[in-house]
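*Asks:* Provided herewith is a single structure, encoded as structure tokens, for subsequent inquiry.
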Amino acid sequence: MITLGIEGTAHTLGAGIVDSECNVLANELDMFRPPSGGLHPREAANHHADVAADVMSRALDAAGLGPEDIDLVSFSMGPGLGPCLRVAATAARAFACMRNLPIIGVNHCIAHIEIGRALTGCRDPALLYASGGNTQVIAFAEGRYRIFGETQDIGIGNMLDKLGRDLGLGFYAGPTIEKLAKEGTEYHELPYSVKGMDVAFSGMITAAVALHNKGVPLEDIAFSVQETAFAMLTEVTERAMAHIGKKEVLLGGGVAQNSRLRDMVEDMAHARGAEMFVPDRQFCRDNGAMIAWLGAEMHNSGVRMTVPETLVRQRFRTDEVEVGWR
């Protein structure tokens, strides 16, 4: 079975194609980059509408396939930004109806887990999902993926991006902050907000901007932010692993591309006698291949949807999905 997956939860419109063995035949994307300021949902959705046909066409070309070779269409149903989700859903419905194909809407967060499990070989991990809009620690228990900890305010990626704007580093600041942090030498204390299994990041932005106003070098601010924020994530991930007895930890989401976060989680895992897994960088960020693979898994487990059942869900919780494919 050949599945086309369409991703469109936030800044990225992606189209991926996988076969029944999770061989990724294509994984094309186009990211919206605002000329100034932050991400505006309507502007991002307009971008997605402009590029959707081209990205899907590129995916088919990369896979060496035509529309007639697709057996199933899946798309990111949520969670995400409403206008962006609706563009991806509309593109998926149009393709499915044109070819008279089955269609499945999938949970974006679970897609990160399943592509990671399929490509890295881990079997039953705790997932540290660190992206722009989401920060969660997730694991499978009693038939569902359960959220054992999450952010109480903003996602780790959004925190880095907002901080980057406030410090004049531009938007999508995560890679810039990572680069600056490698040159930092002095740690400055910042709010360490761990509340049980949950975390909070907004106070860190205020404190980091205050350091900037005092003349602290950007390199040291970036270093301090990463050390503090990633230590928080590592702590709650370790606590979740201990609570549910997991011996594997999987990283997912755009921030999982950060080498310092990977090092900290890997050190923690090894200290526990556990293993850390992380897929290739293209599968950490939002992408269509992960949407395609989860759609295929759900379809093979017997899940079916009619077109009226494919309405998007901006607040689609990870633990709402019954996991019948495991």
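Here's how to read the names in the structure tokens: chain A, B, ... by the order shown, residue numbers from 1 in each chain, ligand numbers from 1 in the order shown.
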What's around Asp69 of chain A at 12 Å? Count only C-alpha atoms, leave out sequence neighbours fewer than 4 positions away in its own chain, and write the answer as a ChimeraX atom specification.
*Replies:* /A:1-4,17-19,60-61,63-65,73,99,101
*Asks:* With segment 290-311 of chain A as the partner and 8 Å as the cut-off, tabulate the residues of segment 93-181 of chain A that qualify, each row holding the nearest pair of atoms and their distance in Å to one decimal, using only C-alpha atoms, sorted by chain and rising number, as a Markdown table.
*Replies:*
| residue | atom | partner | partner_atom | distance |
| --- | --- | --- | --- | --- |
| A:Arg93 | CA | A:Val307 | CA | 7.0 |
| A:Pro102 | CA | A:Met305 | CA | 7.5 |
| A:Ile103 | CA | A:Met305 | CA | 6.4 |
| A:Ile104 | CA | A:Met305 | CA | 5.8 |
| A:Gly105 | CA | A:Thr310 | CA | 6.0 |
| A:Val106 | CA | A:Gly295 | CA | 6.3 |
| A:His108 | CA | A:Ile291 | CA | 7.1 |
| A:Ile110 | CA | A:Leu294 | CA | 7.7 |
| A:Ala111 | CA | A:Met290 | CA | 5.3 |
| A:His112 | CA | A:Met290 | CA | 6.3 |
| A:Glu114 | CA | A:Leu294 | CA | 6.4 |
| A:Ile115 | CA | A:Met290 | CA | 5.2 |
*Asks:* I need the residues in segment 101-182 of chain A that are strand (DSSP E) according to DSSP; give them as a PDB file with all heavy atoms, in the first residue's frame.
*Replies:*
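Contents of the output file result-v6.pdb:
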ATOM      1  N   ILE A 103      -9.514   8.085   3.153  1.00  0.00           N
ATOM      2  CA  ILE A 103      -8.831   9.211   3.776  1.00  0.00           C
ATOM      3  C   ILE A 103      -8.879   9.045   5.290  1.00  0.00           C
ATOM      4  O   ILE A 103      -9.894   8.600   5.843  1.00  0.00           O
ATOM      5  CB  ILE A 103      -9.465  10.556   3.343  1.00  0.00           C
ATOM      6  CG1 ILE A 103      -8.682  11.743   3.930  1.00  0.00           C
ATOM      7  CG2 ILE A 103     -10.939  10.624   3.727  1.00  0.00           C
ATOM      8  CD1 ILE A 103      -9.132  13.082   3.383  1.00  0.00           C
ATOM      9  N   ILE A 104      -7.780   9.416   5.958  1.00  0.00           N
ATOM     10  CA  ILE A 104      -7.692   9.310   7.417  1.00  0.00           C
ATOM     11  C   ILE A 104      -7.009  10.557   7.964  1.00  0.00           C
ATOM     12  O   ILE A 104      -5.948  10.962   7.476  1.00  0.00           O
ATOM     13  CB  ILE A 104      -6.907   8.052   7.846  1.00  0.00           C
ATOM     14  CG1 ILE A 104      -7.722   6.801   7.554  1.00  0.00           C
ATOM     15  CG2 ILE A 104      -6.544   8.110   9.329  1.00  0.00           C
ATOM     16  CD1 ILE A 104      -7.055   5.502   7.980  1.00  0.00           C
ATOM     17  N   GLY A 105      -7.618  11.163   8.975  1.00  0.00           N
ATOM     18  CA  GLY A 105      -6.997  12.262   9.698  1.00  0.00           C
ATOM     19  C   GLY A 105      -6.274  11.724  10.917  1.00  0.00           C
ATOM     20  O   GLY A 105      -6.817  10.881  11.639  1.00  0.00           O
ATOM     21  N   VAL A 106      -5.051  12.202  11.156  1.00  0.00           N
ATOM     22  CA  VAL A 106      -4.235  11.631  12.229  1.00  0.00           C
ATOM     23  C   VAL A 106      -3.824  12.704  13.233  1.00  0.00           C
ATOM     24  O   VAL A 106      -3.833  13.894  12.947  1.00  0.00           O
ATOM     25  CB  VAL A 106      -2.969  10.930  11.666  1.00  0.00           C
ATOM     26  CG1 VAL A 106      -3.345   9.976  10.552  1.00  0.00           C
ATOM     27  CG2 VAL A 106      -1.943  11.945  11.168  1.00  0.00           C
ATOM     28  N   ASN A 107      -3.444  12.235  14.414  1.00  0.00           N
ATOM     29  CA  ASN A 107      -2.936  13.113  15.462  1.00  0.00           C
ATOM     30  C   ASN A 107      -1.459  13.399  15.198  1.00  0.00           C
ATOM     31  O   ASN A 107      -0.639  12.480  15.118  1.00  0.00           O
ATOM     32  CB  ASN A 107      -3.127  12.458  16.828  1.00  0.00           C
ATOM     33  CG  ASN A 107      -2.656  13.342  17.967  1.00  0.00           C
ATOM     34  OD1 ASN A 107      -1.467  13.464  18.213  1.00  0.00           O
ATOM     35  ND2 ASN A 107      -3.600  13.931  18.684  1.00  0.00           N
ATOM     36  N   ALA A 126       9.440   6.125  25.993  1.00  0.00           N
ATOM     37  CA  ALA A 126       8.843   7.383  26.416  1.00  0.00           C
ATOM     38  C   ALA A 126       9.302   8.423  25.403  1.00  0.00           C
ATOM     39  O   ALA A 126      10.473   8.444  25.024  1.00  0.00           O
ATOM     40  CB  ALA A 126       9.312   7.774  27.812  1.00  0.00           C
ATOM     41  N   LEU A 127       8.388   9.239  24.929  1.00  0.00           N
ATOM     42  CA  LEU A 127       8.726  10.254  23.936  1.00  0.00           C
ATOM     43  C   LEU A 127       8.838  11.613  24.595  1.00  0.00           C
ATOM     44  O   LEU A 127       7.914  12.061  25.287  1.00  0.00           O
ATOM     45  CB  LEU A 127       7.660  10.342  22.849  1.00  0.00           C
ATOM     46  CG  LEU A 127       7.827  11.518  21.873  1.00  0.00           C
ATOM     47  CD1 LEU A 127       8.966  11.262  20.894  1.00  0.00           C
ATOM     48  CD2 LEU A 127       6.539  11.835  21.120  1.00  0.00           C
ATOM     49  N   LEU A 128       9.976  12.281  24.408  1.00  0.00           N
ATOM     50  CA  LEU A 128      10.086  13.699  24.726  1.00  0.00           C
ATOM     51  C   LEU A 128       9.777  14.445  23.441  1.00  0.00           C
ATOM     52  O   LEU A 128      10.573  14.453  22.499  1.00  0.00           O
ATOM     53  CB  LEU A 128      11.478  14.054  25.240  1.00  0.00           C
ATOM     54  CG  LEU A 128      11.739  15.560  25.415  1.00  0.00           C
ATOM     55  CD1 LEU A 128      10.719  16.217  26.339  1.00  0.00           C
ATOM     56  CD2 LEU A 128      13.159  15.814  25.896  1.00  0.00           C
ATOM     57  N   TYR A 129       8.596  15.031  23.395  1.00  0.00           N
ATOM     58  CA  TYR A 129       8.130  15.735  22.202  1.00  0.00           C
ATOM     59  C   TYR A 129       8.362  17.226  22.422  1.00  0.00           C
ATOM     60  O   TYR A 129       7.671  17.859  23.225  1.00  0.00           O
ATOM     61  CB  TYR A 129       6.651  15.421  21.975  1.00  0.00           C
ATOM     62  CG  TYR A 129       6.012  16.153  20.822  1.00  0.00           C
ATOM     63  CD1 TYR A 129       6.737  16.483  19.688  1.00  0.00           C
ATOM     64  CD2 TYR A 129       4.672  16.512  20.868  1.00  0.00           C
ATOM     65  CE1 TYR A 129       6.143  17.152  18.632  1.00  0.00           C
ATOM     66  CE2 TYR A 129       4.067  17.165  19.820  1.00  0.00           C
ATOM     67  CZ  TYR A 129       4.812  17.486  18.699  1.00  0.00           C
ATOM     68  OH  TYR A 129       4.222  18.151  17.661  1.00  0.00           O
ATOM     69  N   ALA A 130       9.361  17.770  21.744  1.00  0.00           N
ATOM     70  CA  ALA A 130       9.774  19.158  21.952  1.00  0.00           C
ATOM     71  C   ALA A 130       9.701  19.896  20.623  1.00  0.00           C
ATOM     72  O   ALA A 130      10.569  19.739  19.762  1.00  0.00           O
ATOM     73  CB  ALA A 130      11.196  19.210  22.510  1.00  0.00           C
ATOM     74  N   THR A 135       5.082  20.767  23.953  1.00  0.00           N
ATOM     75  CA  THR A 135       6.141  20.175  24.760  1.00  0.00           C
ATOM     76  C   THR A 135       5.473  19.188  25.700  1.00  0.00           C
ATOM     77  O   THR A 135       4.733  19.580  26.603  1.00  0.00           O
ATOM     78  CB  THR A 135       6.915  21.242  25.557  1.00  0.00           C
ATOM     79  OG1 THR A 135       7.506  22.166  24.644  1.00  0.00           O
ATOM     80  CG2 THR A 135       8.005  20.594  26.393  1.00  0.00           C
ATOM     81  N   GLN A 136       5.712  17.898  25.450  1.00  0.00           N
ATOM     82  CA  GLN A 136       5.050  16.850  26.216  1.00  0.00           C
ATOM     83  C   GLN A 136       5.983  15.672  26.416  1.00  0.00           C
ATOM     84  O   GLN A 136       6.883  15.436  25.607  1.00  0.00           O
ATOM     85  CB  GLN A 136       3.789  16.356  25.483  1.00  0.00           C
ATOM     86  CG  GLN A 136       2.710  17.401  25.279  1.00  0.00           C
ATOM     87  CD  GLN A 136       1.538  16.872  24.459  1.00  0.00           C
ATOM     88  OE1 GLN A 136       1.686  15.958  23.656  1.00  0.00           O
ATOM     89  NE2 GLN A 136       0.366  17.448  24.667  1.00  0.00           N
ATOM     90  N   VAL A 137       5.746  14.931  27.494  1.00  0.00           N
ATOM     91  CA  VAL A 137       6.360  13.629  27.687  1.00  0.00           C
ATOM     92  C   VAL A 137       5.227  12.610  27.559  1.00  0.00           C
ATOM     93  O   VAL A 137       4.261  12.649  28.326  1.00  0.00           O
ATOM     94  CB  VAL A 137       7.055  13.508  29.051  1.00  0.00           C
ATOM     95  CG1 VAL A 137       7.672  12.118  29.204  1.00  0.00           C
ATOM     96  CG2 VAL A 137       8.123  14.581  29.208  1.00  0.00           C
ATOM     97  N   ILE A 138       5.360  11.708  26.592  1.00  0.00           N
ATOM     98  CA  ILE A 138       4.274  10.820  26.199  1.00  0.00           C
ATOM     99  C   ILE A 138       4.767   9.376  26.255  1.00  0.00           C
ATOM    100  O   ILE A 138       5.919   9.093  25.924  1.00  0.00           O
ATOM    101  CB  ILE A 138       3.805  11.132  24.768  1.00  0.00           C
ATOM    102  CG1 ILE A 138       3.403  12.618  24.639  1.00  0.00           C
ATOM    103  CG2 ILE A 138       2.656  10.234  24.339  1.00  0.00           C
ATOM    104  CD1 ILE A 138       3.236  13.077  23.204  1.00  0.00           C
ATOM    105  N   ALA A 139       3.892   8.457  26.656  1.00  0.00           N
ATOM    106  CA  ALA A 139       4.241   7.036  26.616  1.00  0.00           C
ATOM    107  C   ALA A 139       2.962   6.219  26.464  1.00  0.00           C
ATOM    108  O   ALA A 139       1.867   6.656  26.837  1.00  0.00           O
ATOM    109  CB  ALA A 139       4.988   6.611  27.874  1.00  0.00           C
ATOM    110  N   PHE A 140       3.115   5.022  25.931  1.00  0.00           N
ATOM    111  CA  PHE A 140       1.973   4.132  25.717  1.00  0.00           C
ATOM    112  C   PHE A 140       1.634   3.397  26.999  1.00  0.00           C
ATOM    113  O   PHE A 140       2.501   2.816  27.655  1.00  0.00           O
ATOM    114  CB  PHE A 140       2.312   3.122  24.618  1.00  0.00           C
ATOM    115  CG  PHE A 140       1.188   2.195  24.285  1.00  0.00           C
ATOM    116  CD1 PHE A 140       0.101   2.642  23.555  1.00  0.00           C
ATOM    117  CD2 PHE A 140       1.211   0.869  24.693  1.00  0.00           C
ATOM    118  CE1 PHE A 140      -0.945   1.777  23.239  1.00  0.00           C
ATOM    119  CE2 PHE A 140       0.186  -0.001  24.380  1.00  0.00           C
ATOM    120  CZ  PHE A 140      -0.904   0.456  23.653  1.00  0.00           C
ATOM    121  N   ALA A 141       0.362   3.435  27.365  1.00  0.00           N
ATOM    122  CA  ALA A 141      -0.105   2.720  28.556  1.00  0.00           C
ATOM    123  C   ALA A 141      -1.598   2.468  28.423  1.00  0.00           C
ATOM    124  O   ALA A 141      -2.372   3.386  28.126  1.00  0.00           O
ATOM    125  CB  ALA A 141       0.181   3.530  29.826  1.00  0.00           C
ATOM    126  N   ARG A 144      -3.579   3.506  25.042  1.00  0.00           N
ATOM    127  CA  ARG A 144      -3.501   4.864  24.504  1.00  0.00           C
ATOM    128  C   ARG A 144      -2.123   5.449  24.771  1.00  0.00           C
ATOM    129  O   ARG A 144      -1.389   4.975  25.643  1.00  0.00           O
ATOM    130  CB  ARG A 144      -4.555   5.787  25.142  1.00  0.00           C
ATOM    131  CG  ARG A 144      -5.997   5.427  24.824  1.00  0.00           C
ATOM    132  CD  ARG A 144      -6.960   6.336  25.564  1.00  0.00           C
ATOM    133  NE  ARG A 144      -8.344   5.897  25.386  1.00  0.00           N
ATOM    134  CZ  ARG A 144      -9.249   6.558  24.668  1.00  0.00           C
ATOM    135  NH1 ARG A 144      -8.919   7.692  24.064  1.00  0.00           N
ATOM    136  NH2 ARG A 144     -10.483   6.099  24.540  1.00  0.00           N
ATOM    137  N   TYR A 145      -1.793   6.480  24.026  1.00  0.00           N
ATOM    138  CA  TYR A 145      -0.603   7.265  24.351  1.00  0.00           C
ATOM    139  C   TYR A 145      -1.002   8.303  25.402  1.00  0.00           C
ATOM    140  O   TYR A 145      -1.846   9.166  25.157  1.00  0.00           O
ATOM    141  CB  TYR A 145      -0.034   7.941  23.109  1.00  0.00           C
ATOM    142  CG  TYR A 145       0.778   6.992  22.260  1.00  0.00           C
ATOM    143  CD1 TYR A 145       0.328   6.594  21.005  1.00  0.00           C
ATOM    144  CD2 TYR A 145       1.987   6.490  22.718  1.00  0.00           C
ATOM    145  CE1 TYR A 145       1.077   5.721  20.223  1.00  0.00           C
ATOM    146  CE2 TYR A 145       2.739   5.608  21.943  1.00  0.00           C
ATOM    147  CZ  TYR A 145       2.274   5.233  20.714  1.00  0.00           C
ATOM    148  OH  TYR A 145       3.015   4.362  19.947  1.00  0.00           O
ATOM    149  N   ARG A 146      -0.388   8.187  26.581  1.00  0.00           N
ATOM    150  CA  ARG A 146      -0.736   9.043  27.710  1.00  0.00           C
ATOM    151  C   ARG A 146       0.278  10.171  27.844  1.00  0.00           C
ATOM    152  O   ARG A 146       1.474   9.994  27.618  1.00  0.00           O
ATOM    153  CB  ARG A 146      -0.746   8.227  29.004  1.00  0.00           C
ATOM    154  CG  ARG A 146      -1.554   6.941  28.928  1.00  0.00           C
ATOM    155  CD  ARG A 146      -3.047   7.180  28.888  1.00  0.00           C
ATOM    156  NE  ARG A 146      -3.790   5.922  28.783  1.00  0.00           N
ATOM    157  CZ  ARG A 146      -5.120   5.838  28.870  1.00  0.00           C
ATOM    158  NH1 ARG A 146      -5.842   6.925  29.067  1.00  0.00           N
ATOM    159  NH2 ARG A 146      -5.716   4.665  28.743  1.00  0.00           N
ATOM    160  N   ILE A 147      -0.214  11.323  28.256  1.00  0.00           N
ATOM    161  CA  ILE A 147       0.646  12.473  28.505  1.00  0.00           C
ATOM    162  C   ILE A 147       1.017  12.476  29.988  1.00  0.00           C
ATOM    163  O   ILE A 147       0.163  12.676  30.848  1.00  0.00           O
ATOM    164  CB  ILE A 147      -0.061  13.787  28.125  1.00  0.00           C
ATOM    165  CG1 ILE A 147      -0.426  13.780  26.634  1.00  0.00           C
ATOM    166  CG2 ILE A 147       0.830  14.992  28.443  1.00  0.00           C
ATOM    167  CD1 ILE A 147      -1.324  14.923  26.219  1.00  0.00           C
ATOM    168  N   PHE A 148       2.291  12.252  30.276  1.00  0.00           N
ATOM    169  CA  PHE A 148       2.743  12.187  31.662  1.00  0.00           C
ATOM    170  C   PHE A 148       3.272  13.529  32.163  1.00  0.00           C
ATOM    171  O   PHE A 148       3.419  13.733  33.361  1.00  0.00           O
ATOM    172  CB  PHE A 148       3.809  11.102  31.806  1.00  0.00           C
ATOM    173  CG  PHE A 148       3.244   9.717  31.727  1.00  0.00           C
ATOM    174  CD1 PHE A 148       3.077   9.089  30.497  1.00  0.00           C
ATOM    175  CD2 PHE A 148       2.840   9.052  32.868  1.00  0.00           C
ATOM    176  CE1 PHE A 148       2.527   7.817  30.420  1.00  0.00           C
ATOM    177  CE2 PHE A 148       2.294   7.778  32.799  1.00  0.00           C
ATOM    178  CZ  PHE A 148       2.138   7.158  31.569  1.00  0.00           C
ATOM    179  N   GLY A 149       3.549  14.441  31.264  1.00  0.00           N
ATOM    180  CA  GLY A 149       3.979  15.773  31.640  1.00  0.00           C
ATOM    181  C   GLY A 149       3.945  16.665  30.414  1.00  0.00           C
ATOM    182  O   GLY A 149       4.070  16.183  29.283  1.00  0.00           O
ATOM    183  N   GLU A 150       3.751  17.971  30.633  1.00  0.00           N
ATOM    184  CA  GLU A 150       3.681  18.895  29.501  1.00  0.00           C
ATOM    185  C   GLU A 150       3.909  20.320  29.971  1.00  0.00           C
ATOM    186  O   GLU A 150       3.960  20.606  31.174  1.00  0.00           O
ATOM    187  CB  GLU A 150       2.325  18.786  28.808  1.00  0.00           C
ATOM    188  CG  GLU A 150       1.127  19.116  29.680  1.00  0.00           C
ATOM    189  CD  GLU A 150      -0.187  18.816  28.973  1.00  0.00           C
ATOM    190  OE1 GLU A 150      -0.294  19.073  27.760  1.00  0.00           O
ATOM    191  OE2 GLU A 150      -1.110  18.310  29.643  1.00  0.00           O
TER     192      GLU A 150
END
*Asks:* Quick one: contact table of segment 133-208 of chain A to segment 223-232 of chain A, 10 Å max, nearest atom pair and distance in Å to one decimal per residue, counting only C-alpha atoms, chain and number order, as a tab-separated table?
*Replies:*
residue	atom	partner	partner_atom	distance
A:Ile156	CA	A:Ala229	CA	7.8
A:Met159	CA	A:Ala229	CA	9.6
A:Leu160	CA	A:Val225	CA	8.7
A:Leu163	CA	A:Val225	CA	9.6
A:Gly174	CA	A:Gln226	CA	9.9
A:Ile177	CA	A:Phe223	CA	8.0
A:Glu178	CA	A:Gln226	CA	7.7
A:Lys179	CA	A:Phe223	CA	9.3
A:Leu180	CA	A:Phe223	CA	7.2
A:Ala181	CA	A:Phe223	CA	4.0
A:Lys182	CA	A:Phe223	CA	6.9
A:Glu183	CA	A:Phe223	CA	7.8
A:Gly184	CA	A:Phe223	CA	5.2
A:Thr185	CA	A:Phe223	CA	7.5
A:Glu186	CA	A:Ser224	CA	7.7
A:Tyr187	CA	A:Ser224	CA	5.1
A:His188	CA	A:Ser224	CA	5.7
A:Glu189	CA	A:Ser224	CA	7.1
A:Leu190	CA	A:Thr228	CA	6.9
A:Pro191	CA	A:Thr228	CA	7.9
A:Tyr192	CA	A:Thr228	CA	6.5
A:Ser193	CA	A:Met232	CA	7.4
A:Val194	CA	A:Met232	CA	6.4
A:Lys195	CA	A:Met232	CA	9.9
A:Met197	CA	A:Met232	CA	9.9
A:Asp198	CA	A:Met232	CA	9.1
A:Val199	CA	A:Met232	CA	7.0
A:Ala200	CA	A:Met232	CA	9.1
A:Phe201	CA	A:Ala229	CA	7.5
A:Met204	CA	A:Val225	CA	7.5
A:Ile205	CA	A:Val225	CA	8.7
A:Ala207	CA	A:Val225	CA	9.7
A:Ala208	CA	A:Val225	CA	7.4
*Asks:* Store the residues of this selection in a file with N, CA and C atoms, as a compact mmCIF listing (two decimals), in the first residue's frame.
*Replies:*
# COMPACT_ATOMS: atom_id res chain seq x y z
N ILE A 156 8.48 24.71 24.06
CA ILE A 156 9.89 25.07 24.11
C ILE A 156 10.32 25.80 22.84
N MET A 159 9.06 29.32 22.92
CA MET A 159 9.85 30.11 23.86
C MET A 159 11.14 30.60 23.21
N LEU A 160 11.84 29.71 22.52
CA LEU A 160 13.08 30.10 21.87
C LEU A 160 12.84 31.14 20.78
N LEU A 163 11.91 34.52 22.44
CA LEU A 163 13.12 35.09 23.00
C LEU A 163 14.01 35.65 21.89
N GLY A 174 15.61 29.19 17.07
CA GLY A 174 16.23 28.05 17.72
C GLY A 174 17.63 27.73 17.22
N ILE A 177 20.09 30.44 18.40
CA ILE A 177 20.39 30.33 19.83
C ILE A 177 21.32 29.15 20.08
N GLU A 178 21.12 28.04 19.39
CA GLU A 178 22.01 26.90 19.55
C GLU A 178 23.45 27.26 19.15
N LYS A 179 23.59 27.98 18.06
CA LYS A 179 24.93 28.38 17.61
C LYS A 179 25.59 29.32 18.60
N LEU A 180 24.83 30.31 19.10
CA LEU A 180 25.38 31.24 20.09
C LEU A 180 25.77 30.51 21.37
N ALA A 181 24.94 29.55 21.79
CA ALA A 181 25.19 28.85 23.06
C ALA A 181 26.52 28.11 23.05
N LYS A 182 26.94 27.65 21.88
CA LYS A 182 28.21 26.94 21.79
C LYS A 182 29.40 27.84 22.09
N GLU A 183 29.19 29.16 22.00
CA GLU A 183 30.26 30.13 22.29
C GLU A 183 30.13 30.71 23.69
N GLY A 184 29.06 30.36 24.41
CA GLY A 184 28.87 30.88 25.76
C GLY A 184 29.79 30.22 26.76
N THR A 185 30.21 30.99 27.76
CA THR A 185 31.15 30.46 28.76
C THR A 185 30.68 30.65 30.19
N GLU A 186 29.74 31.57 30.41
CA GLU A 186 29.32 31.87 31.78
C GLU A 186 27.82 31.60 31.93
N TYR A 187 27.48 30.79 32.94
CA TYR A 187 26.08 30.48 33.21
C TYR A 187 25.47 31.53 34.13
N HIS A 188 24.27 32.02 33.76
CA HIS A 188 23.52 32.95 34.59
C HIS A 188 22.21 32.26 34.99
N GLU A 189 21.91 32.32 36.26
CA GLU A 189 20.73 31.62 36.77
C GLU A 189 19.45 32.19 36.17
N LEU A 190 18.58 31.30 35.77
CA LEU A 190 17.28 31.64 35.20
C LEU A 190 16.20 30.83 35.91
N PRO A 191 14.94 31.24 35.82
CA PRO A 191 13.86 30.49 36.48
C PRO A 191 13.81 29.04 36.01
N TYR A 192 13.84 28.14 36.97
CA TYR A 192 13.78 26.71 36.70
C TYR A 192 12.41 26.24 37.17
N SER A 193 11.45 26.20 36.23
CA SER A 193 10.05 26.00 36.59
C SER A 193 9.60 24.58 36.25
N VAL A 194 9.86 23.67 37.17
CA VAL A 194 9.36 22.31 37.08
C VAL A 194 8.31 22.13 38.17
N LYS A 195 7.12 21.75 37.77
CA LYS A 195 6.00 21.62 38.71
C LYS A 195 5.46 20.20 38.60
N MET A 197 5.30 16.96 37.15
CA MET A 197 5.69 16.41 35.86
C MET A 197 5.62 17.47 34.75
N ASP A 198 5.24 18.68 35.10
CA ASP A 198 5.04 19.72 34.10
C ASP A 198 6.14 20.79 34.18
N VAL A 199 6.22 21.58 33.11
CA VAL A 199 7.21 22.65 33.03
C VAL A 199 6.53 23.94 32.60
N ALA A 200 7.22 25.06 32.80
CA ALA A 200 6.74 26.37 32.35
C ALA A 200 7.94 27.19 31.90
N PHE A 201 7.79 27.91 30.79
CA PHE A 201 8.93 28.59 30.19
C PHE A 201 8.81 30.11 30.12
N MET A 204 11.21 32.44 31.90
CA MET A 204 12.59 32.41 31.41
C MET A 204 12.83 33.51 30.39
N ILE A 205 11.83 33.80 29.58
CA ILE A 205 11.98 34.85 28.57
C ILE A 205 12.20 36.20 29.25
N ALA A 207 13.31 36.86 32.24
CA ALA A 207 14.60 36.91 32.93
C ALA A 207 15.76 37.03 31.94
N ALA A 208 15.67 36.34 30.81
CA ALA A 208 16.74 36.41 29.82
C ALA A 208 16.82 37.79 29.18
*Asks:* At what distance in Å, to one decimal, does atom CA of Met241 of chain A lie from atom CA of Ala274 of chain A?
*Replies:*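 Distance reported for this atom pair: 9.4 Å.
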*Asks:* Going by DSSP on the backbone, which bits of segment 48-235 of chain A are helix (DSSP H, G or I)? Write them as a PyMOL selection string, please.
*Replies:* chain A and resi 48-63+67-69+82-99+108-120+156-166+174-181+202-213+218-235
*Asks:* Looking at only C-alpha atoms, which of A:Ala59, A:Ala10, A:Val51, A:Leu233 is the one that sits closest to Leu81 of chain A?
*Replies:* A:Ala10
*Asks:* Let me make sure I understand: among A:Cys109, A:Leu261, A:Val278, A:Val236, which one has the smallest atom-to-atom distance to Glu320 of chain A if we use only C-alpha atoms?
*Replies:*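 Of A:Cys109, A:Leu261, A:Val278, A:Val236, the one nearest Glu320 of chain A is A:Cys109, counting only C-alpha atoms.
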